[in-house]
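Structure below is model18.cif: mmCIF, C-alpha atoms.
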data_target
loop_
_atom_site.label_atom_id
_atom_site.label_comp_id
_atom_site.auth_asym_id
_atom_site.auth_seq_id
_atom_site.Cartn_x
_atom_site.Cartn_y
_atom_site.Cartn_z
CA MET A 17 -7.00 -24.30 -38.98
CA ILE A 18 -10.55 -24.51 -40.29
CA MET A 19 -13.48 -24.69 -37.83
CA GLN A 20 -11.10 -23.64 -35.05
CA LYS A 21 -13.79 -22.38 -32.67
CA GLU A 22 -15.89 -25.48 -33.23
CA ARG A 23 -12.90 -27.73 -32.58
CA GLU A 24 -12.18 -25.86 -29.36
CA LEU A 25 -15.80 -26.35 -28.28
CA ILE A 26 -15.57 -30.08 -28.90
CA VAL A 27 -12.43 -30.28 -26.75
CA GLU A 28 -14.17 -28.29 -24.00
CA TYR A 29 -17.35 -30.36 -23.98
CA GLY A 30 -15.49 -33.62 -24.35
CA LYS A 31 -13.81 -32.88 -21.02
CA LYS A 32 -17.19 -32.02 -19.49
CA LEU A 33 -18.69 -35.29 -20.70
CA SER A 34 -15.80 -37.25 -19.23
CA ALA A 35 -15.72 -35.37 -15.92
CA SER A 36 -19.49 -35.72 -15.45
CA GLY A 37 -19.30 -39.48 -15.98
CA LEU A 38 -21.51 -39.37 -19.07
CA CYS A 39 -18.66 -40.70 -21.23
CA PRO A 40 -16.49 -43.06 -19.17
CA GLY A 41 -13.03 -43.79 -20.55
CA THR A 42 -12.83 -43.04 -24.26
CA SER A 43 -16.48 -43.91 -24.90
CA GLY A 44 -18.91 -41.62 -26.66
CA ASN A 45 -18.36 -38.93 -29.27
CA LEU A 46 -19.51 -35.42 -30.16
CA SER A 47 -19.66 -33.17 -33.19
CA ILE A 48 -20.66 -29.78 -34.61
CA CYS A 49 -21.94 -29.21 -38.14
CA ASP A 50 -21.43 -26.14 -40.36
CA ARG A 51 -24.18 -26.36 -42.97
CA GLU A 52 -22.84 -23.41 -44.93
CA THR A 53 -19.74 -25.40 -45.90
CA GLY A 54 -21.03 -28.95 -45.43
CA LEU A 55 -18.26 -29.61 -42.90
CA MET A 56 -18.51 -31.46 -39.60
CA ALA A 57 -15.99 -31.29 -36.76
CA ILE A 58 -16.00 -34.54 -34.78
CA SER A 59 -14.02 -36.02 -31.91
CA PRO A 60 -11.22 -38.48 -32.79
CA SER A 61 -11.53 -42.22 -32.28
CA GLY A 62 -10.35 -43.79 -29.02
CA MET A 63 -8.55 -40.82 -27.43
CA ASP A 64 -8.65 -39.67 -23.80
CA TYR A 65 -10.83 -36.56 -23.63
CA PHE A 66 -8.33 -34.81 -21.38
CA GLU A 67 -5.52 -35.39 -23.86
CA VAL A 68 -7.39 -34.25 -26.97
CA THR A 69 -6.37 -30.88 -28.48
CA PRO A 70 -8.19 -28.81 -31.12
CA GLU A 71 -5.70 -30.14 -33.68
CA ASP A 72 -6.86 -33.69 -32.89
CA ILE A 73 -10.45 -32.89 -33.84
CA VAL A 74 -11.23 -34.19 -37.32
CA VAL A 75 -13.12 -32.14 -39.90
CA LEU A 76 -15.10 -34.18 -42.41
CA ASP A 77 -16.71 -33.14 -45.66
CA ILE A 78 -20.25 -34.48 -45.36
CA ASN A 79 -21.86 -32.81 -48.37
CA ALA A 80 -22.88 -36.26 -49.58
CA TYR A 81 -25.05 -36.55 -46.46
CA LEU A 82 -26.47 -33.04 -46.61
CA SER A 83 -28.00 -33.01 -50.08
CA ALA A 84 -30.11 -29.96 -50.73
CA ASN A 85 -32.51 -32.18 -52.66
CA ASP A 86 -33.61 -34.17 -49.60
CA THR A 87 -37.30 -33.90 -48.88
CA GLN A 88 -38.84 -33.25 -45.50
CA THR A 89 -38.20 -36.06 -43.02
CA ASP A 90 -41.76 -36.12 -41.75
CA SER A 91 -43.09 -36.95 -45.21
CA LEU A 92 -40.97 -40.07 -45.34
CA VAL A 93 -41.26 -41.62 -41.93
CA SER A 94 -44.20 -43.55 -40.57
CA SER A 95 -45.08 -45.83 -37.71
CA ASP A 96 -43.96 -48.98 -39.48
CA SER A 97 -42.54 -50.93 -36.56
CA ASP A 98 -44.55 -53.98 -37.63
CA GLN A 99 -42.95 -54.11 -41.07
CA THR A 100 -40.56 -56.93 -41.83
CA SER A 101 -36.88 -56.19 -42.29
CA ASP A 102 -37.19 -57.21 -45.95
CA THR A 103 -39.92 -54.62 -46.50
CA LYS A 104 -37.89 -51.90 -44.80
CA SER A 105 -34.83 -52.69 -46.90
CA ASP A 106 -36.84 -52.02 -50.06
CA ARG A 107 -37.57 -48.43 -49.09
CA THR A 108 -35.65 -45.90 -51.19
CA ASP A 109 -35.81 -42.77 -49.06
CA LEU A 110 -33.23 -40.58 -47.37
CA TYR A 111 -32.55 -43.29 -44.80
CA ALA A 112 -31.18 -45.69 -47.41
CA VAL A 113 -27.76 -47.01 -46.47
CA GLN A 114 -24.98 -44.94 -47.97
CA SER A 115 -21.73 -46.61 -49.00
CA LYS A 116 -19.63 -43.51 -49.64
CA PRO A 117 -16.80 -43.29 -47.09
CA PHE A 118 -15.98 -40.16 -45.12
CA GLN A 119 -13.70 -37.51 -46.61
CA ILE A 120 -11.30 -35.72 -44.28
CA ALA A 121 -11.19 -31.98 -44.97
CA ASP A 122 -8.70 -31.23 -42.20
CA GLY A 123 -6.94 -33.14 -39.43
CA THR A 124 -4.54 -36.04 -39.07
CA ARG A 125 -6.47 -38.26 -36.68
CA LYS A 126 -8.94 -41.03 -37.43
CA PRO A 127 -12.50 -39.74 -36.78
CA SER A 128 -14.89 -41.31 -34.33
CA SER A 129 -16.21 -44.67 -35.49
CA GLU A 130 -19.70 -43.12 -35.32
CA TRP A 131 -19.05 -40.46 -37.96
CA ALA A 132 -21.89 -41.88 -40.10
CA LEU A 133 -24.30 -41.73 -37.16
CA HIS A 134 -23.61 -38.02 -36.69
CA SER A 135 -23.74 -37.34 -40.43
CA LYS A 136 -27.11 -39.05 -40.78
CA PHE A 137 -28.69 -36.91 -38.05
CA TYR A 138 -27.43 -33.74 -39.72
CA LYS A 139 -28.89 -34.95 -42.99
CA VAL A 140 -32.40 -35.71 -41.77
CA ARG A 141 -32.70 -32.99 -39.10
CA PRO A 142 -31.77 -29.63 -40.69
CA GLU A 143 -32.31 -27.72 -37.44
CA ILE A 144 -29.58 -29.67 -35.63
CA ALA A 145 -26.10 -28.17 -35.30
CA SER A 146 -24.55 -30.48 -32.67
CA VAL A 147 -24.80 -34.17 -31.79
CA ILE A 148 -23.55 -35.87 -28.61
CA HIS A 149 -23.45 -39.64 -28.11
CA THR A 150 -22.83 -41.03 -24.62
CA HIS A 151 -22.72 -44.35 -22.79
CA SER A 152 -24.09 -42.88 -19.56
CA VAL A 153 -25.07 -45.57 -17.05
CA TYR A 154 -28.78 -45.03 -16.46
CA ALA A 155 -29.73 -44.12 -20.02
CA THR A 156 -27.74 -47.10 -21.26
CA THR A 157 -29.50 -49.31 -18.71
CA PHE A 158 -32.81 -48.54 -20.43
CA SER A 159 -31.19 -49.17 -23.80
CA VAL A 160 -30.22 -52.64 -22.52
CA LEU A 161 -33.86 -53.16 -21.52
CA ASN A 162 -34.91 -51.83 -24.96
CA GLN A 163 -37.36 -49.57 -23.13
CA PRO A 164 -38.01 -45.86 -23.76
CA LEU A 165 -37.38 -43.02 -21.36
CA LYS A 166 -40.58 -41.28 -20.26
CA PRO A 167 -41.46 -37.89 -18.72
CA VAL A 168 -40.92 -38.55 -15.02
CA HIS A 169 -39.82 -34.94 -14.38
CA PHE A 170 -40.11 -31.53 -16.02
CA ALA A 171 -36.41 -31.78 -16.97
CA PHE A 172 -37.68 -34.09 -19.71
CA GLY A 173 -39.09 -31.04 -21.52
CA ARG A 174 -36.02 -30.48 -23.72
CA VAL A 175 -36.71 -33.80 -25.47
CA GLY A 176 -39.50 -32.25 -27.54
CA ALA A 177 -41.58 -35.44 -27.42
CA MET A 178 -43.42 -37.62 -24.92
CA GLU A 179 -40.71 -40.26 -24.86
CA VAL A 180 -37.14 -41.00 -25.88
CA PRO A 181 -37.59 -44.11 -28.04
CA CYS A 182 -35.16 -47.00 -28.24
CA ALA A 183 -33.85 -47.83 -31.71
CA PRO A 184 -33.46 -51.55 -32.50
CA TYR A 185 -29.99 -53.00 -32.08
CA ALA A 186 -27.38 -52.53 -34.79
CA LEU A 187 -23.61 -52.94 -34.63
CA PHE A 188 -21.73 -49.80 -33.57
CA GLY A 189 -19.89 -47.85 -36.25
CA THR A 190 -22.14 -49.06 -39.08
CA MET A 191 -24.40 -47.40 -41.63
CA GLU A 192 -27.18 -49.66 -40.39
CA LEU A 193 -27.00 -48.09 -36.93
CA ALA A 194 -26.95 -44.59 -38.42
CA ASP A 195 -30.04 -45.29 -40.53
CA ILE A 196 -32.11 -46.97 -37.83
CA ALA A 197 -31.26 -44.42 -35.14
CA ALA A 198 -32.16 -41.45 -37.33
CA ARG A 199 -35.39 -43.09 -38.42
CA THR A 200 -36.45 -43.92 -34.87
CA ALA A 201 -35.79 -40.39 -33.59
CA ALA A 202 -37.61 -38.82 -36.53
CA GLU A 203 -40.66 -41.03 -36.14
CA ALA A 204 -40.96 -39.97 -32.49
CA GLY A 205 -40.16 -36.31 -33.18
CA SER A 206 -37.58 -36.57 -30.42
CA ASN A 207 -34.32 -34.68 -29.85
CA ALA A 208 -32.84 -37.85 -28.39
CA VAL A 209 -32.88 -41.58 -29.05
CA LEU A 210 -31.63 -44.63 -27.18
CA LEU A 211 -29.49 -47.10 -29.10
CA ALA A 212 -30.36 -50.64 -28.03
CA ASN A 213 -27.64 -52.23 -25.86
CA HIS A 214 -25.37 -49.30 -26.59
CA GLY A 215 -26.15 -45.77 -25.35
CA ILE A 216 -27.98 -42.55 -26.20
CA ILE A 217 -27.88 -39.79 -28.83
CA CYS A 218 -28.73 -36.19 -27.88
CA CYS A 219 -29.10 -33.32 -30.35
CA GLY A 220 -28.69 -29.57 -30.02
CA ALA A 221 -30.46 -27.17 -32.37
CA ASP A 222 -29.09 -24.13 -34.18
CA PRO A 223 -31.05 -21.24 -32.60
CA CYS A 224 -31.00 -19.35 -35.91
CA PHE A 225 -32.45 -22.19 -37.95
CA THR A 226 -35.32 -21.34 -40.28
CA ALA A 227 -36.89 -23.79 -42.70
CA ASP A 228 -36.87 -21.15 -45.45
CA ILE A 229 -33.08 -21.25 -45.71
CA GLY A 230 -32.72 -24.96 -45.12
CA GLY A 231 -30.96 -24.63 -41.81
CA LYS A 232 -28.05 -22.59 -43.16
CA VAL A 233 -26.40 -20.18 -40.77
CA GLY A 234 -24.20 -17.17 -41.16
CA ALA A 235 -20.43 -17.11 -41.30
CA GLY A 236 -17.62 -16.15 -38.96
CA SER A 237 -18.32 -15.21 -35.34
CA LYS A 238 -22.07 -15.70 -35.72
CA LEU A 239 -21.56 -19.32 -36.70
CA SER A 240 -19.27 -19.92 -33.73
CA SER A 241 -21.85 -18.38 -31.41
CA ASN A 242 -24.59 -20.62 -32.80
CA SER A 243 -22.32 -23.65 -32.48
CA ALA A 244 -21.67 -22.81 -28.83
CA ILE A 245 -25.39 -22.62 -28.12
CA ALA A 246 -26.09 -25.86 -30.01
CA ILE A 247 -23.43 -27.99 -28.30
CA LYS A 248 -24.43 -26.55 -24.92
CA ALA A 249 -28.03 -27.59 -25.63
CA ALA A 250 -26.96 -31.11 -26.61
CA TYR A 251 -24.83 -31.42 -23.48
CA GLU A 252 -27.60 -30.15 -21.20
CA LEU A 253 -30.04 -32.58 -22.79
CA ALA A 254 -27.63 -35.45 -22.14
CA CYS A 255 -27.35 -34.37 -18.49
CA ASP A 256 -31.12 -33.95 -18.10
CA LEU A 257 -31.87 -37.33 -19.61
CA GLU A 258 -29.33 -39.15 -17.48
CA TYR A 259 -31.01 -37.56 -14.44
CA CYS A 260 -34.47 -38.55 -15.70
CA ALA A 261 -33.27 -42.07 -16.51
CA GLU A 262 -31.98 -42.47 -12.97
CA LEU A 263 -35.29 -41.22 -11.54
CA GLN A 264 -37.23 -43.60 -13.78
CA TYR A 265 -34.97 -46.51 -12.82
CA ARG A 266 -35.25 -45.81 -9.09
CA ALA A 267 -39.02 -45.30 -9.25
CA MET A 268 -39.48 -48.56 -11.18
CA SER A 269 -37.38 -50.33 -8.55
CA ILE A 270 -39.90 -49.60 -5.79
CA GLY A 271 -43.18 -49.08 -7.63
CA SER A 272 -44.87 -47.75 -10.75
CA PRO A 273 -43.77 -44.26 -11.84
CA VAL A 274 -46.43 -41.64 -12.47
CA TYR A 275 -45.48 -39.95 -15.74
CA LEU A 276 -46.38 -36.38 -16.68
CA SER A 277 -49.25 -36.10 -19.13
CA GLU A 278 -49.08 -34.47 -22.55
CA SER A 279 -50.95 -31.41 -21.28
CA GLN A 280 -48.62 -31.15 -18.30
CA MET A 281 -45.60 -31.34 -20.60
CA THR A 282 -47.13 -28.60 -22.77
CA ASP A 283 -47.29 -26.41 -19.67
CA VAL A 284 -43.67 -27.29 -18.92
CA LEU A 285 -42.56 -26.19 -22.39
CA ASN A 286 -44.43 -22.89 -22.05
CA GLN A 287 -42.83 -22.33 -18.67
CA PHE A 288 -39.38 -23.04 -20.11
CA LYS A 289 -39.78 -20.07 -22.48
CA GLY A 290 -39.18 -17.69 -19.62
CA TYR A 291 -36.47 -19.74 -17.92
CA GLY A 292 -32.92 -18.51 -17.52
CA GLN A 293 -31.25 -15.22 -18.38
CA PRO A 294 -32.18 -13.21 -21.49
CA THR A 295 -29.74 -13.43 -24.38
#
Have the structure of the file written as structure tokens, please.
Amino acid sequence: MIMQKERELIVEYGKKLSASGLCPGTSGNLSICDRETGLMAISPSGMDYFEVTPEDIVVLDINAYLSANDTQTDSLVSSDSDQTSDTKSDRTDLYAVQSKPFQIADGTRKPSSEWALHSKFYKVRPEIASVIHTHSVYATTFSVLNQPLKPVHFAFGRVGAMEVPCAPYALFGTMELADIAARTAAEAGSNAVLLANHGIICCGADPCFTADIGGKVGAGSKLSSNSAIAIKAAYELACDLEYCAELQYRAMSIGSPVYLSESQMTDVLNQFKGYGQPT
């Protein structure tokens, strides 16, 4: 079974997402990408997380979404929120809607309906090795308000930006949603993005990523180790942001939250460097 360790990780973290309440019912989805092979392991569509086995995880060939010829994301995005939809549709960059369907490399189940959403993030963010999408209550509440999450607490530090932006609404399971979500996150330089009236996306980085090798990682046990770190990072970010979203919601209910400043968040990030046990 190809990507066995990655499939086992998806089963493990799927149960964690369900048990923590971040993914009620069969909502949400999660994936791990192997850039060396261009394969992505992703949770199946509409299955109970506690009934899913590694064999149920679907492996997709996403080489079409991981072209080595793609240019740097930051050279293509801009603060163009005032542009008309017609103007945006004329842009021919890496966010252009792709019509090629998924290709199953291994597995018998139907993949998550958000396979394109995951694929798009792997395409435009070469440092990312895992993506988690949840419908957690407080984060989704802000997505319904179409309002960003802001740094109310130092736990916000893993976001990598001063806010988690909210992408404009697009129908779930569509290329349009994949394109607009990836664009919004990239413009903000954020490791997470709200999806209007839908939920939140959280990304986990490959700790061995270097721009010189285009985000490729080693093979075998090293890859599995990196995958474990990446999906753990995505899960922890989802937990942190749900906590911050609840704090922001409660603070807004009784007053005006005082958000951490950019310099304060810089101090937080520096402090994080020495947090936890050495690896």
*Might you spell out which residues the PyMOL selection byres ((chain A and resi 76) around 7) would select in the displayed file, as a PyMOL selection string?*
chain A and resi 55-57+74-75+77-78+118-121
*Chain and number of each residue from the PyMOL selection byres ((chain A and resi 171) around 10), as a list in words*: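 Selection result, ordered by chain and number: Pro167, Val168, His169, Phe170, Phe172, Gly173, Arg174, Val175, Glu252, Leu253, Cys255, Asp256, Leu257, Tyr259, Cys260, Met281, Val284, Leu285 and Phe288 of chain A.
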*Mind telling me what the PyMOL selection byres ((chain A and resi 202) around 9) catches here, as a list in words?*
Thr89, Asp90, Val93, Val140, Arg141, Ala197, Ala198, Arg199, Thr200, Ala201, Glu203, Ala204, Gly205, Ser206 and Asn207 of chain A
*What is the distance, in Å and to one decimal place, between atom CA of Pro181 of chain A and atom CA of Tyr138 of chain A?*
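Those two atoms sit 18.6 Å apart.
Atom to atom, atom CA of Ala254 of chain A and atom CA of Cys49 of chain A stand 18.1 Å apart.
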*Quick one: residues within 7 Å of Glu143 of chain A, only C-alpha atoms counted, chain neighbours fewer than 2 positions away excluded, as a list in words?*
Arg141, Ala145, Ala221, Asp222, Phe225 and Gly231 of chain A
